[in-house]
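**Student:** This is protein37.cif, which holds mmCIF, C-alpha atoms and all ligand atoms:
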```
data_run
#
loop_
_atom_site.label_atom_id
_atom_site.label_comp_id
_atom_site.auth_asym_id
_atom_site.auth_seq_id
_atom_site.Cartn_x
_atom_site.Cartn_y
_atom_site.Cartn_z
CA MET T 920 0.00 0.00 0.00
CA LYS T 921 1.18 3.54 -0.81
CA GLN T 922 2.41 5.36 2.26
CA SER T 923 0.88 8.81 2.80
CA LYS T 924 3.51 11.54 2.68
CA SER T 925 3.46 15.22 3.53
CA ILE T 926 4.61 17.64 0.85
CA GLY T 927 5.83 21.10 1.87
CA ILE T 928 5.56 23.84 -0.76
CA LEU T 929 7.29 27.23 -0.67
CA GLY T 930 4.74 29.51 -2.29
CA GLY T 931 0.96 29.39 -2.33
CA GLY T 932 -0.13 30.70 -5.74
CA GLN T 933 -2.00 28.86 -8.47
CA LEU T 934 0.89 26.48 -9.17
CA ALA T 935 0.92 25.43 -5.50
CA LYS T 936 -2.86 25.06 -5.61
CA MET T 937 -2.72 22.69 -8.57
CA LEU T 938 0.19 20.80 -7.01
CA CYS T 939 -1.91 20.36 -3.84
CA ASP T 940 -4.88 19.13 -5.90
CA SER T 941 -2.64 16.58 -7.54
CA ALA T 942 -1.15 15.53 -4.19
CA LYS T 943 -4.62 15.08 -2.71
CA LYS T 944 -5.55 12.81 -5.62
CA MET T 945 -2.44 10.74 -4.92
CA GLY T 946 -3.21 10.49 -1.19
CA TYR T 947 -0.60 12.98 0.06
CA LYS T 948 -0.98 15.85 2.51
CA THR T 949 0.29 19.35 1.74
CA ILE T 950 1.65 22.29 3.71
CA ILE T 951 2.12 25.62 1.95
CA LEU T 952 4.18 28.56 3.15
CA ASP T 953 2.95 31.90 1.81
CA PRO T 954 2.94 35.38 3.38
CA ASP T 955 -0.31 36.26 1.59
CA SER T 956 -3.26 35.36 3.83
CA GLU T 957 -5.47 35.22 0.71
CA SER T 958 -3.16 33.03 -1.41
CA CYS T 959 -5.30 30.71 -3.51
CA GLY T 960 -3.17 27.68 -2.61
CA LYS T 961 -4.70 27.66 0.85
CA PHE T 962 -8.00 26.39 -0.54
CA SER T 963 -6.37 23.16 -1.68
CA SER T 964 -3.62 22.61 0.91
CA ASN T 965 -4.12 20.87 4.25
CA ILE T 966 -2.10 23.48 6.13
CA HIS T 967 -1.24 27.10 5.27
CA ILE T 968 1.65 28.61 7.21
CA ASN T 969 0.95 32.31 6.76
CA LYS T 970 4.48 33.63 7.28
CA SER T 971 7.28 35.16 5.26
CA TYR T 972 9.53 32.87 3.21
CA LYS T 973 12.42 33.94 5.41
CA ASP T 974 10.69 33.32 8.75
CA GLU T 975 13.01 30.81 10.43
CA GLU T 976 10.37 29.40 12.77
CA ALA T 977 8.04 28.83 9.82
CA LEU T 978 10.81 27.16 7.80
CA LYS T 979 11.68 24.92 10.77
CA LYS T 980 8.02 23.96 11.02
CA MET T 981 8.03 23.06 7.31
CA CYS T 982 11.10 20.85 7.89
CA VAL T 983 9.48 18.98 10.75
CA MET T 984 6.09 18.56 9.10
CA SER T 985 7.17 17.66 5.54
CA ASP T 986 8.64 14.44 4.19
CA VAL T 987 9.75 16.40 1.17
CA ILE T 988 9.83 20.13 0.34
CA THR T 989 9.57 21.85 -3.05
CA TYR T 990 8.99 25.32 -4.49
CA GLU T 991 6.33 26.72 -6.82
CA PHE T 992 8.21 29.80 -8.03
CA GLU T 993 11.76 30.58 -9.05
CA ASN T 994 12.23 33.66 -6.91
CA VAL T 995 12.33 31.76 -3.62
CA SER T 996 15.30 33.06 -1.65
CA ILE T 997 18.40 30.88 -1.84
CA ASP T 998 18.89 31.59 1.89
CA SER T 999 15.56 29.91 2.69
CA VAL T 1000 16.62 26.78 0.81
CA GLU T 1001 19.99 26.76 2.59
CA PHE T 1002 18.21 27.16 5.92
CA ILE T 1003 15.98 24.19 5.14
CA GLU T 1004 18.99 22.08 4.16
CA LYS T 1005 20.82 23.01 7.39
CA ASN T 1006 17.76 22.10 9.43
CA SER T 1007 17.54 18.58 8.00
CA GLY T 1008 14.70 19.45 5.63
CA ASN T 1009 14.48 17.23 2.57
CA ILE T 1010 14.49 19.60 -0.43
CA PRO T 1011 15.80 17.42 -3.27
CA GLN T 1012 15.77 20.16 -5.93
CA GLY T 1013 18.18 22.18 -3.80
CA LYS T 1014 19.28 25.70 -4.67
CA ALA T 1015 21.08 25.19 -8.00
CA PRO T 1016 17.96 25.50 -10.23
CA LEU T 1017 16.98 28.68 -8.39
CA TYR T 1018 20.46 30.18 -8.49
CA ILE T 1019 20.75 29.72 -12.25
CA SER T 1020 17.20 30.62 -13.30
CA GLN T 1021 16.92 33.69 -11.06
CA ASN T 1022 19.28 35.57 -13.35
CA ARG T 1023 18.83 35.84 -17.12
CA VAL T 1024 22.57 36.21 -17.81
CA ARG T 1025 23.44 33.24 -15.62
CA GLU T 1026 20.85 30.99 -17.30
CA LYS T 1027 21.89 32.04 -20.81
CA ASN T 1028 25.58 31.46 -19.90
CA ALA T 1029 24.75 27.99 -18.55
CA VAL T 1030 22.79 26.97 -21.62
CA SER T 1031 25.18 28.53 -24.19
CA ARG T 1032 28.01 26.49 -22.67
CA LEU T 1033 26.09 23.37 -23.75
CA GLY T 1034 26.20 24.53 -27.36
CA ILE T 1035 22.53 25.58 -27.45
CA LYS T 1036 21.85 28.84 -29.32
CA THR T 1037 20.39 31.91 -27.62
CA ALA T 1038 19.75 35.44 -28.87
CA LYS T 1039 22.99 37.47 -28.71
CA TYR T 1040 23.14 39.02 -25.23
CA ILE T 1041 25.27 41.28 -23.06
CA GLN T 1042 25.10 42.09 -19.37
CA VAL T 1043 24.43 45.79 -18.75
CA PHE T 1044 24.93 47.72 -15.51
CA ASN T 1045 24.42 51.35 -16.52
CA LYS T 1046 23.50 53.72 -19.35
CA LYS T 1047 27.11 53.99 -20.53
CA ASP T 1048 27.31 50.17 -20.92
CA LEU T 1049 24.04 50.26 -22.79
CA GLU T 1050 25.22 52.92 -25.23
CA ASN T 1051 28.34 50.84 -26.00
CA ASP T 1052 26.62 47.46 -26.07
CA ILE T 1053 23.85 48.51 -28.41
CA LEU T 1054 26.56 48.89 -31.05
CA LYS T 1055 27.28 45.15 -30.72
CA ILE T 1056 23.66 43.97 -30.52
CA GLY T 1057 22.04 46.53 -32.85
CA PHE T 1058 18.42 47.71 -33.18
CA PRO T 1059 15.82 46.44 -32.53
CA SER T 1060 16.82 44.91 -29.22
CA LEU T 1061 15.30 44.16 -25.85
CA LEU T 1062 16.53 45.43 -22.54
CA LYS T 1063 15.37 43.26 -19.63
CA THR T 1064 15.99 43.32 -15.90
CA CYS T 1065 18.20 40.34 -15.10
CA SER T 1066 15.99 39.14 -12.28
CA GLY T 1067 12.44 39.37 -11.04
CA GLY T 1068 10.68 39.82 -14.42
CA TYR T 1069 7.59 37.86 -15.40
CA ASP T 1070 4.75 38.15 -17.93
CA GLY T 1071 6.88 40.55 -19.99
CA LYS T 1072 7.29 42.98 -17.07
CA GLY T 1073 10.71 44.64 -16.73
CA GLN T 1074 11.36 44.68 -20.50
CA TRP T 1075 11.87 47.56 -22.92
CA LYS T 1076 12.05 47.35 -26.68
CA LEU T 1077 14.73 49.58 -28.16
CA VAL T 1078 13.96 50.31 -31.78
CA ASN T 1079 16.09 53.40 -32.41
CA GLU T 1080 18.45 56.02 -30.95
CA CYS T 1081 15.46 57.92 -29.58
CA ASP T 1082 14.39 54.92 -27.43
CA LEU T 1083 17.97 54.62 -26.25
CA GLU T 1084 18.10 58.26 -25.27
CA ASN T 1085 14.80 58.14 -23.38
CA ILE T 1086 15.42 55.04 -21.36
CA LYS T 1087 16.31 55.47 -17.69
CA LEU T 1088 18.22 52.72 -15.94
CA GLU T 1089 17.98 51.96 -12.25
CA ASN T 1090 20.92 50.86 -10.19
CA ARG T 1091 20.54 47.17 -11.01
CA GLU T 1092 21.65 44.45 -13.42
CA TYR T 1093 20.13 44.28 -16.92
CA ILE T 1094 20.55 42.12 -20.00
CA LEU T 1095 20.49 43.50 -23.53
CA GLU T 1096 19.21 40.93 -26.02
CA GLU T 1097 19.09 40.76 -29.76
CA MET T 1098 15.47 40.70 -30.90
CA ILE T 1099 14.83 37.40 -32.62
CA ASP T 1100 12.44 37.66 -35.52
CA PHE T 1101 10.98 34.26 -34.65
CA GLU T 1102 8.30 32.31 -36.47
CA LYS T 1103 7.05 30.47 -33.41
CA GLU T 1104 7.48 30.34 -29.65
CA VAL T 1105 7.43 26.90 -28.07
CA SER T 1106 8.13 25.33 -24.71
CA CYS T 1107 9.00 21.97 -23.28
CA LEU T 1108 8.34 20.75 -19.75
CA VAL T 1109 11.09 18.34 -18.79
CA VAL T 1110 11.29 16.62 -15.41
CA ARG T 1111 14.21 14.84 -13.76
CA GLY T 1112 13.67 12.62 -10.75
CA VAL T 1113 15.73 12.13 -7.64
CA ASN T 1114 16.59 8.79 -9.26
CA LYS T 1115 17.97 10.73 -12.33
CA GLU T 1116 15.24 9.46 -14.62
CA ILE T 1117 14.11 12.06 -17.20
CA VAL T 1118 10.72 12.50 -18.81
CA THR T 1119 9.37 15.17 -21.19
CA PHE T 1120 5.87 16.33 -22.01
CA PRO T 1121 4.86 17.10 -25.61
CA VAL T 1122 6.15 20.43 -26.95
CA GLY T 1123 3.63 23.29 -26.71
CA GLU T 1124 3.25 26.11 -29.24
CA ASN T 1125 2.74 29.36 -27.36
CA ILE T 1126 0.82 32.43 -28.48
CA HIS T 1127 1.62 35.57 -26.49
CA GLU T 1128 -0.27 38.84 -26.38
CA LYS T 1129 1.58 41.90 -25.06
CA GLY T 1130 4.34 39.65 -23.70
CA ILE T 1131 1.91 37.45 -21.75
CA LEU T 1132 1.05 33.85 -22.59
CA LYS T 1133 -2.44 33.74 -24.08
CA MET T 1134 -2.72 30.19 -25.39
CA THR T 1135 -0.78 26.98 -25.84
CA ILE T 1136 -1.44 24.63 -28.73
CA VAL T 1137 -0.53 20.94 -28.52
CA PRO T 1138 0.75 19.26 -30.60
CA ALA T 1139 2.82 22.25 -31.68
CA ARG T 1140 2.54 22.84 -35.44
CA ILE T 1141 6.23 22.25 -36.11
CA SER T 1142 8.26 19.65 -37.99
CA LYS T 1143 9.26 16.37 -36.40
CA ALA T 1144 12.92 17.40 -36.75
CA LEU T 1145 12.36 20.61 -34.76
CA GLU T 1146 10.35 18.78 -32.13
CA THR T 1147 13.18 16.27 -31.65
CA LYS T 1148 15.72 19.11 -31.40
CA ILE T 1149 13.63 20.83 -28.70
CA VAL T 1150 13.08 17.66 -26.69
CA GLU T 1151 16.73 16.58 -26.92
CA SER T 1152 17.99 20.07 -25.98
CA SER T 1153 15.62 20.16 -23.00
CA LYS T 1154 16.82 16.77 -21.77
CA MET T 1155 20.43 17.87 -22.24
CA ILE T 1156 19.85 21.07 -20.24
CA ILE T 1157 18.29 19.33 -17.24
CA GLU T 1158 20.84 16.51 -17.26
CA GLU T 1159 23.97 18.62 -17.76
CA LEU T 1160 22.88 21.15 -15.15
CA ASP T 1161 22.13 18.22 -12.82
CA PHE T 1162 18.71 19.60 -11.84
CA VAL T 1163 15.96 17.63 -10.13
CA GLY T 1164 12.27 18.46 -10.46
CA PRO T 1165 10.27 20.12 -13.23
CA LEU T 1166 11.83 22.61 -15.64
CA GLY T 1167 9.77 24.66 -18.11
CA ILE T 1168 12.00 25.74 -20.99
CA GLU T 1169 11.02 28.34 -23.60
CA PHE T 1170 12.49 28.44 -27.10
CA PHE T 1171 12.06 30.58 -30.20
CA ILE T 1172 11.99 28.93 -33.63
CA LYS T 1173 13.39 30.62 -36.72
CA GLY T 1174 13.79 28.46 -39.80
CA ASP T 1175 15.54 25.27 -38.74
CA GLU T 1176 17.09 26.88 -35.68
CA ILE T 1177 15.95 26.89 -32.07
CA TYR T 1178 16.98 29.62 -29.62
CA PHE T 1179 16.76 29.09 -25.86
CA ASN T 1180 14.83 31.98 -24.26
CA GLU T 1181 14.44 31.19 -20.57
CA MET T 1182 13.66 28.46 -18.08
CA ALA T 1183 11.81 28.08 -14.79
CA PRO T 1184 12.37 25.24 -12.28
CA ARG T 1185 8.68 24.72 -11.53
CA PRO T 1186 5.47 23.70 -13.26
CA HIS T 1187 4.94 25.99 -16.24
CA ASN T 1188 1.83 27.85 -17.42
CA SER T 1189 2.34 26.47 -20.93
CA ALA T 1190 2.06 22.91 -19.57
CA HIS T 1191 -1.33 23.36 -17.88
CA TYR T 1192 -2.77 21.53 -20.89
CA THR T 1193 -1.34 18.31 -19.38
CA MET T 1194 -4.10 18.35 -16.74
CA ASP T 1195 -6.72 17.30 -19.30
CA ALA T 1196 -4.83 16.08 -22.34
CA CYS T 1197 -2.22 13.71 -20.87
CA ASN T 1198 -2.41 10.53 -18.83
CA PHE T 1199 -0.44 12.33 -16.04
CA SER T 1200 -0.25 16.09 -15.43
CA GLN T 1201 2.92 18.11 -14.92
CA PHE T 1202 1.91 18.38 -11.24
CA ASP T 1203 1.65 14.58 -10.86
CA ILE T 1204 5.11 14.14 -12.37
CA HIS T 1205 6.57 16.99 -10.29
CA LEU T 1206 5.48 15.11 -7.16
CA MET T 1207 6.80 11.79 -8.46
CA SER T 1208 10.16 13.41 -9.26
CA ILE T 1209 10.80 14.70 -5.73
CA LEU T 1210 9.45 11.53 -4.11
CA GLY T 1211 11.86 9.38 -6.12
CA LEU T 1212 9.10 7.40 -7.83
CA ASN T 1213 9.59 5.82 -11.25
CA PHE T 1214 8.03 7.82 -14.06
CA PRO T 1215 5.22 6.42 -16.17
CA GLU T 1216 5.33 6.84 -19.95
CA ILE T 1217 3.66 10.17 -20.80
CA LYS T 1218 0.93 9.93 -23.40
CA LEU T 1219 -0.90 12.75 -25.16
CA LEU T 1220 -4.50 11.55 -25.19
CA ASN T 1221 -5.83 14.16 -27.63
CA GLY T 1222 -5.08 17.53 -29.18
CA VAL T 1223 -5.60 20.52 -26.93
CA VAL T 1224 -5.64 24.31 -26.85
CA MET T 1225 -5.09 25.89 -23.43
CA LEU T 1226 -6.52 29.39 -23.04
CA ASN T 1227 -5.42 31.59 -20.13
CA ILE T 1228 -8.20 33.48 -18.33
CA PHE T 1229 -7.34 36.98 -17.08
CA GLY T 1230 -9.22 39.37 -14.79
CA GLU T 1231 -10.88 41.08 -17.74
CA ASP T 1232 -12.24 37.74 -19.04
CA ARG T 1233 -14.79 37.21 -16.27
CA THR T 1234 -17.87 37.47 -18.49
CA LYS T 1235 -16.13 35.48 -21.21
CA VAL T 1236 -15.50 32.54 -18.91
CA GLU T 1237 -19.10 32.54 -17.71
CA LYS T 1238 -20.15 31.80 -21.30
CA ILE T 1239 -17.93 28.72 -21.53
CA SER T 1240 -19.84 25.60 -20.60
CA GLU T 1241 -17.88 22.64 -19.32
CA SER T 1242 -18.10 19.32 -21.08
CA LYS T 1243 -16.02 16.21 -21.60
CA GLU T 1244 -13.86 18.23 -24.03
CA VAL T 1245 -13.87 21.62 -22.30
CA LYS T 1246 -12.36 21.84 -18.83
CA VAL T 1247 -12.43 25.11 -16.91
CA HIS T 1248 -9.91 25.68 -14.10
CA ILE T 1249 -10.46 28.76 -11.93
CA TYR T 1250 -7.82 29.35 -9.27
CA GLY T 1251 -10.02 31.00 -6.65
CA LYS T 1252 -8.14 34.31 -6.39
CA ASN T 1253 -10.37 36.85 -4.69
CA LEU T 1254 -9.82 39.88 -6.95
CA TRP T 1255 -10.54 39.78 -10.72
CA LYS T 1256 -8.04 42.47 -11.72
CA PRO T 1257 -7.25 43.16 -15.41
CA GLY T 1258 -4.09 41.35 -16.49
CA ARG T 1259 -4.13 38.99 -13.48
CA LYS T 1260 -4.12 35.26 -14.31
CA MET T 1261 -7.35 33.90 -12.84
CA GLY T 1262 -7.59 30.49 -14.46
CA HIS T 1263 -7.30 28.58 -17.71
CA VAL T 1264 -9.49 26.47 -19.96
CA ASN T 1265 -8.39 23.34 -21.80
CA PHE T 1266 -10.24 22.73 -25.08
CA CYS T 1267 -9.59 19.11 -26.10
CA GLY T 1268 -10.28 17.49 -29.47
CA GLU T 1269 -8.73 15.96 -32.55
CA ASP T 1270 -8.80 18.88 -35.00
CA ILE T 1271 -6.36 21.56 -33.80
CA GLU T 1272 -7.45 24.24 -36.31
CA GLU T 1273 -11.07 23.72 -35.25
CA LEU T 1274 -10.07 24.08 -31.59
CA ILE T 1275 -8.13 27.29 -32.32
CA ASN T 1276 -11.17 28.76 -34.11
CA LEU T 1277 -13.40 27.72 -31.23
CA VAL T 1278 -11.08 29.42 -28.71
CA LYS T 1279 -10.90 32.57 -30.85
CA SER T 1280 -14.70 32.75 -30.93
CA PHE T 1281 -14.85 33.46 -27.17
N1 LIG U 1 15.15 38.11 -27.54
C1 LIG U 1 13.86 38.16 -27.87
N2 LIG U 1 13.50 38.30 -29.17
C2 LIG U 1 12.19 38.38 -29.50
N3 LIG U 1 11.16 38.34 -28.64
C3 LIG U 1 11.46 38.20 -27.33
C4 LIG U 1 12.82 38.10 -26.88
N4 LIG U 1 12.80 37.96 -25.54
C5 LIG U 1 11.50 37.98 -25.19
N5 LIG U 1 10.69 38.12 -26.24
C6 LIG U 1 9.20 38.16 -26.22
O1 LIG U 1 8.75 38.61 -24.95
C7 LIG U 1 8.07 37.54 -24.25
C8 LIG U 1 8.39 37.57 -22.76
O2 LIG U 1 9.79 37.45 -22.61
P1 LIG U 1 10.45 36.49 -21.50
O3 LIG U 1 9.91 35.13 -21.67
O4 LIG U 1 11.91 36.63 -21.58
O5 LIG U 1 10.00 37.22 -20.19
P2 LIG U 1 9.08 36.90 -18.94
O6 LIG U 1 8.67 38.21 -18.43
O7 LIG U 1 9.82 35.99 -18.06
O8 LIG U 1 7.84 36.20 -19.56
P3 LIG U 1 6.93 35.01 -19.01
O9 LIG U 1 6.77 35.19 -17.54
O10 LIG U 1 5.64 35.22 -19.76
O11 LIG U 1 7.62 33.76 -19.43
C9 LIG U 1 8.54 36.27 -24.95
O12 LIG U 1 7.63 35.22 -24.77
C10 LIG U 1 8.66 36.77 -26.39
O13 LIG U 1 7.38 36.86 -26.99
MG MG U 2 8.93 33.70 -20.88
#
```
Could you render the structure as structure tokens?
**Tutor:**
Amino acid sequence: MKQSKSIGILGGGQLAKMLCDSAKKMGYKTIILDPDSESCGKFSSNIHINKSYKDEEALKKMCVMSDVITYEFENVSIDSVEFIEKNSGNIPQGKAPLYISQNRVREKNAVSRLGIKTAKYIQVFNKKDLENDILKIGFPSLLKTCSGGYDGKGQWKLVNECDLENIKLENREYILEEMIDFEKEVSCLVVRGVNKEIVTFPVGENIHEKGILKMTIVPARISKALETKIVESSKMIIEELDFVGPLGIEFFIKGDEIYFNEMAPRPHNSAHYTMDACNFSQFDIHLMSILGLNFPEIKLLNGVVMLNIFGEDRTKVEKISESKEVKVHIYGKNLWKPGRKMGHVNFCGEDIEELINLVKSF
């Protein structure tokens, strides 16, 4: 008989919520740590420790109560992970995936070393650097904060000298990136277990609007050769960097080339489709990876289009009726604010173009 375990999660947002739902299904208990008293993860977890991520008493409590600890976002403080490790907490992913993915230069350096292409990039500390470096990267280019950005926040497009002149830099680290004129954006969720086993989910084709993921189409409408390249590169990244746990990796496609964009050591928005279109979801496999369980073979059961639901989509989502093919997931956040991710809908079926048209009709 399967032994019930307790899973500790640093973070209590929607990813933690869905991880808790998956854990519950598998017979495990969950403890989340989140400073937000209204975090949506609390509705699905058994225990919510409502303290800061750096609160030592709270972290000690997590260590005592959890058989295994994980994180649901990449900006968890490295110090908190070190504290857990020093206090005999079992956090198999450790700090390496956080350390590398928390900084865009560090992650691009790590991946470039493996021979995987990225957009040309340069680390920038001040306006003078920027004025020199733009000569090497050229227009148009993207200036991004090295850390803390998400959903396209902390990014500025530089199209000409005028943009360059107008931009004001804070006293922090930036990265200047060549703008890739890509044909498609795709992502791959790869997971490596404590036992070093690796599994990948099918590649997703991502459609962004204003820098934010709008929908993911699976199977991605790309050639078999590109799909293999993406899957093999993803496996190589997780293996060579010796990471454990889930890793969502984003790539751009231009012609026959793939360019690594960024990665996150957690379940990924673009893999939410797995909840209704695969035999196991990314959350199920995340749990298996940290518990040291053998991975099942991942099967795509049908085509799927995942549509993100934002605060402004409240009336739109009310019109969507659930069925065997249409699965609505609302995270239970209390405020429907424009631009805030409130849920997602998985539209399943065989004909991808038909599904895309259906999604566009909402
Ligand atoms: N070098 C680039 N060339 C062209 N487009 C880019 C480049 N970098 C980023 N973008 C566009 O901006 C989007 C957001 O960029 P990125 O993924 O780096 O940031 P993010 O804020 O972490 O986004 P998210 O949280 O949605 O993953 C990308 O999905 C892509 O559409
Ligand atoms: Mg991204």
**Student:** Calculate how many Å separate atom CA of Asn1051 of chain T from atom CA of Asp1100 of chain T, rounding to one decimal.
**Tutor:** 22.7 Å
**Student:** Between T:Cys1107, T:Leu1277, T:Met1225, T:Leu1088, which one has atoms that come closest to ligand MG 2 (chain U), using all atoms listed in the file?
**Tutor:** T:Cys1107
**Student:** Could you tell me how far atom CA of Val1245 of chain T sits from atom CA of Glu1273 of chain T, in Å to one decimal place?
**Tutor:**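 Atom CA of Val1245 of chain T lies at a distance of 13.4 Å from atom CA of Glu1273 of chain T.
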**Student:** Can you work out which residues are within 7 Å of ligand LIG 1 (chain U), considering all atoms listed in the file, and then hand them over as a PyMOL selection string?
**Tutor:** chain T and resi 1038+1061+1068-1073+1096-1101+1104+1127+1130-1132+1180-1181
**Student:** Filtering to C-alpha atoms, could you give me those residues as a PDB file, keeping the file's coordinate frame?
**Tutor:**
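File produced: again.pdb:
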```pdb
ATOM      1  CA  ALA T1038      19.750  35.440 -28.870  1.00  0.00           C
ATOM      2  CA  LEU T1061      15.300  44.160 -25.850  1.00  0.00           C
ATOM      3  CA  GLY T1068      10.680  39.820 -14.420  1.00  0.00           C
ATOM      4  CA  TYR T1069       7.590  37.860 -15.400  1.00  0.00           C
ATOM      5  CA  ASP T1070       4.750  38.150 -17.930  1.00  0.00           C
ATOM      6  CA  GLY T1071       6.880  40.550 -19.990  1.00  0.00           C
ATOM      7  CA  LYS T1072       7.290  42.980 -17.070  1.00  0.00           C
ATOM      8  CA  GLY T1073      10.710  44.640 -16.730  1.00  0.00           C
ATOM      9  CA  GLU T1096      19.210  40.930 -26.020  1.00  0.00           C
ATOM     10  CA  GLU T1097      19.090  40.760 -29.760  1.00  0.00           C
ATOM     11  CA  MET T1098      15.470  40.700 -30.900  1.00  0.00           C
ATOM     12  CA  ILE T1099      14.830  37.400 -32.620  1.00  0.00           C
ATOM     13  CA  ASP T1100      12.440  37.660 -35.520  1.00  0.00           C
ATOM     14  CA  PHE T1101      10.980  34.260 -34.650  1.00  0.00           C
ATOM     15  CA  GLU T1104       7.480  30.340 -29.650  1.00  0.00           C
ATOM     16  CA  HIS T1127       1.620  35.570 -26.490  1.00  0.00           C
ATOM     17  CA  GLY T1130       4.340  39.650 -23.700  1.00  0.00           C
ATOM     18  CA  ILE T1131       1.910  37.450 -21.750  1.00  0.00           C
ATOM     19  CA  LEU T1132       1.050  33.850 -22.590  1.00  0.00           C
ATOM     20  CA  ASN T1180      14.830  31.980 -24.260  1.00  0.00           C
ATOM     21  CA  GLU T1181      14.440  31.190 -20.570  1.00  0.00           C
TER      22      GLU T1181
END
```
**Student:** From the set T:Phe962, T:Tyr990, T:Phe1229, T:Phe1162, which residue has the shortest atom-to-atom contact distance to Gly1258 of chain T, counting only C-alpha atoms?
**Tutor:**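 Ranking T:Phe962, T:Tyr990, T:Phe1229, T:Phe1162 by distance to Gly1258 of chain T, first place goes to T:Phe1229.
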**Student:** Counting only C-alpha atoms, which residue out of T:Met1194, T:Ala1183, T:Val1000, T:Leu1254 sits closest to Leu1220 of chain T?
**Tutor:** T:Met1194
**Student:** With a distance cut-off of 8 Å and all atoms listed in the file, select the neighbouring residues of Lys948 of chain T, excluding the residue or stretch itself and same-chain residues fewer than 3 positions from it, and output the selection as a ChimeraX atom specification.
**Tutor:** /T:923-926,939,942-943,964-965
**Student:** Looking at only C-alpha atoms and all ligand atoms, which of T:Ile1275, T:Cys959, T:Val1105, T:Ile1149 is the one that sits closest to ligand MG 2 (chain U)?
**Tutor:**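 For ligand MG 2 (chain U), the nearest of the candidates is T:Val1105.
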**Student:** So which residues touch Asp1052 of chain T within 9 Å, counting only C-alpha atoms, skipping near sequence neighbours fewer than 4 positions away, as a ChimeraX atom specification?
**Tutor:** /T:1041-1043,1047-1048,1056-1057,1095
**Student:** Measuring atom to atom with only C-alpha atoms and all ligand atoms, identify which of T:Ile1141, T:Met984, T:Met1182, T:Leu1033 is nearest to ligand MG 2 (chain U).
**Tutor:** T:Met1182
**Student:** Nearest residue to Asn1114 of chain T out of T:Gly1211, T:Pro1184, T:Glu957, T:Gln1201, using only C-alpha atoms?
**Tutor:**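 Nearest to Asn1114 of chain T: T:Gly1211.
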**Student:** May I ask for the distance between atom CA of Tyr947 of chain T and atom CA of Asp1203 of chain T, given in Å to one decimal place?
**Tutor:**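 Here the two named atoms are 11.3 Å from each other.
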**Student:** Give as a PyMOL selection string every residue, naming chains and numbers as the document does, that has an atom within 8 Å of (-3.9, 18.6, -23.2), counting all atoms listed in the file.
**Tutor:** chain T and resi 1137+1191-1197+1219-1225+1265-1267
**Student:** Show me as a PyMOL selection string the residues that reach within 8 Å of (-15.2, 31.0, -25.5), counting all atoms listed in the file and using the file's own coordinates.
**Tutor:** chain T and resi 1235-1236+1238-1239+1277-1281
**Student:** Give me the residues near Leu929 of chain T as a list in words, where near means some atom within 8 Å (using only C-alpha atoms) and where sequence neighbours in that chain fewer than 5 positions away do not count.
**Tutor:**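 My list of contacting residues is Ile951, Leu952, Asp953, Tyr972, Ile988, Thr989, Tyr990, Glu991, Phe992 and Val995 of chain T.
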**Student:** Which residues are near segment 1083-1087 of chain T? Cut-off 10 Å, all atoms listed in the file, ignore same chain within fewer than 3 positions. Put them as a PDB file with C-alpha atoms, in the frame of the given file.
**Tutor:**
```
ATOM      1  CA  ASN T1045      24.420  51.350 -16.520  1.00  0.00           C
ATOM      2  CA  LYS T1046      23.500  53.720 -19.350  1.00  0.00           C
ATOM      3  CA  LEU T1049      24.040  50.260 -22.790  1.00  0.00           C
ATOM      4  CA  GLU T1050      25.220  52.920 -25.230  1.00  0.00           C
ATOM      5  CA  ILE T1053      23.850  48.510 -28.410  1.00  0.00           C
ATOM      6  CA  PHE T1058      18.420  47.710 -33.180  1.00  0.00           C
ATOM      7  CA  LEU T1062      16.530  45.430 -22.540  1.00  0.00           C
ATOM      8  CA  TRP T1075      11.870  47.560 -22.920  1.00  0.00           C
ATOM      9  CA  LYS T1076      12.050  47.350 -26.680  1.00  0.00           C
ATOM     10  CA  LEU T1077      14.730  49.580 -28.160  1.00  0.00           C
ATOM     11  CA  VAL T1078      13.960  50.310 -31.780  1.00  0.00           C
ATOM     12  CA  ASN T1079      16.090  53.400 -32.410  1.00  0.00           C
ATOM     13  CA  GLU T1080      18.450  56.020 -30.950  1.00  0.00           C
ATOM     14  CA  ASN T1090      20.920  50.860 -10.190  1.00  0.00           C
TER      15      ASN T1090
END
```
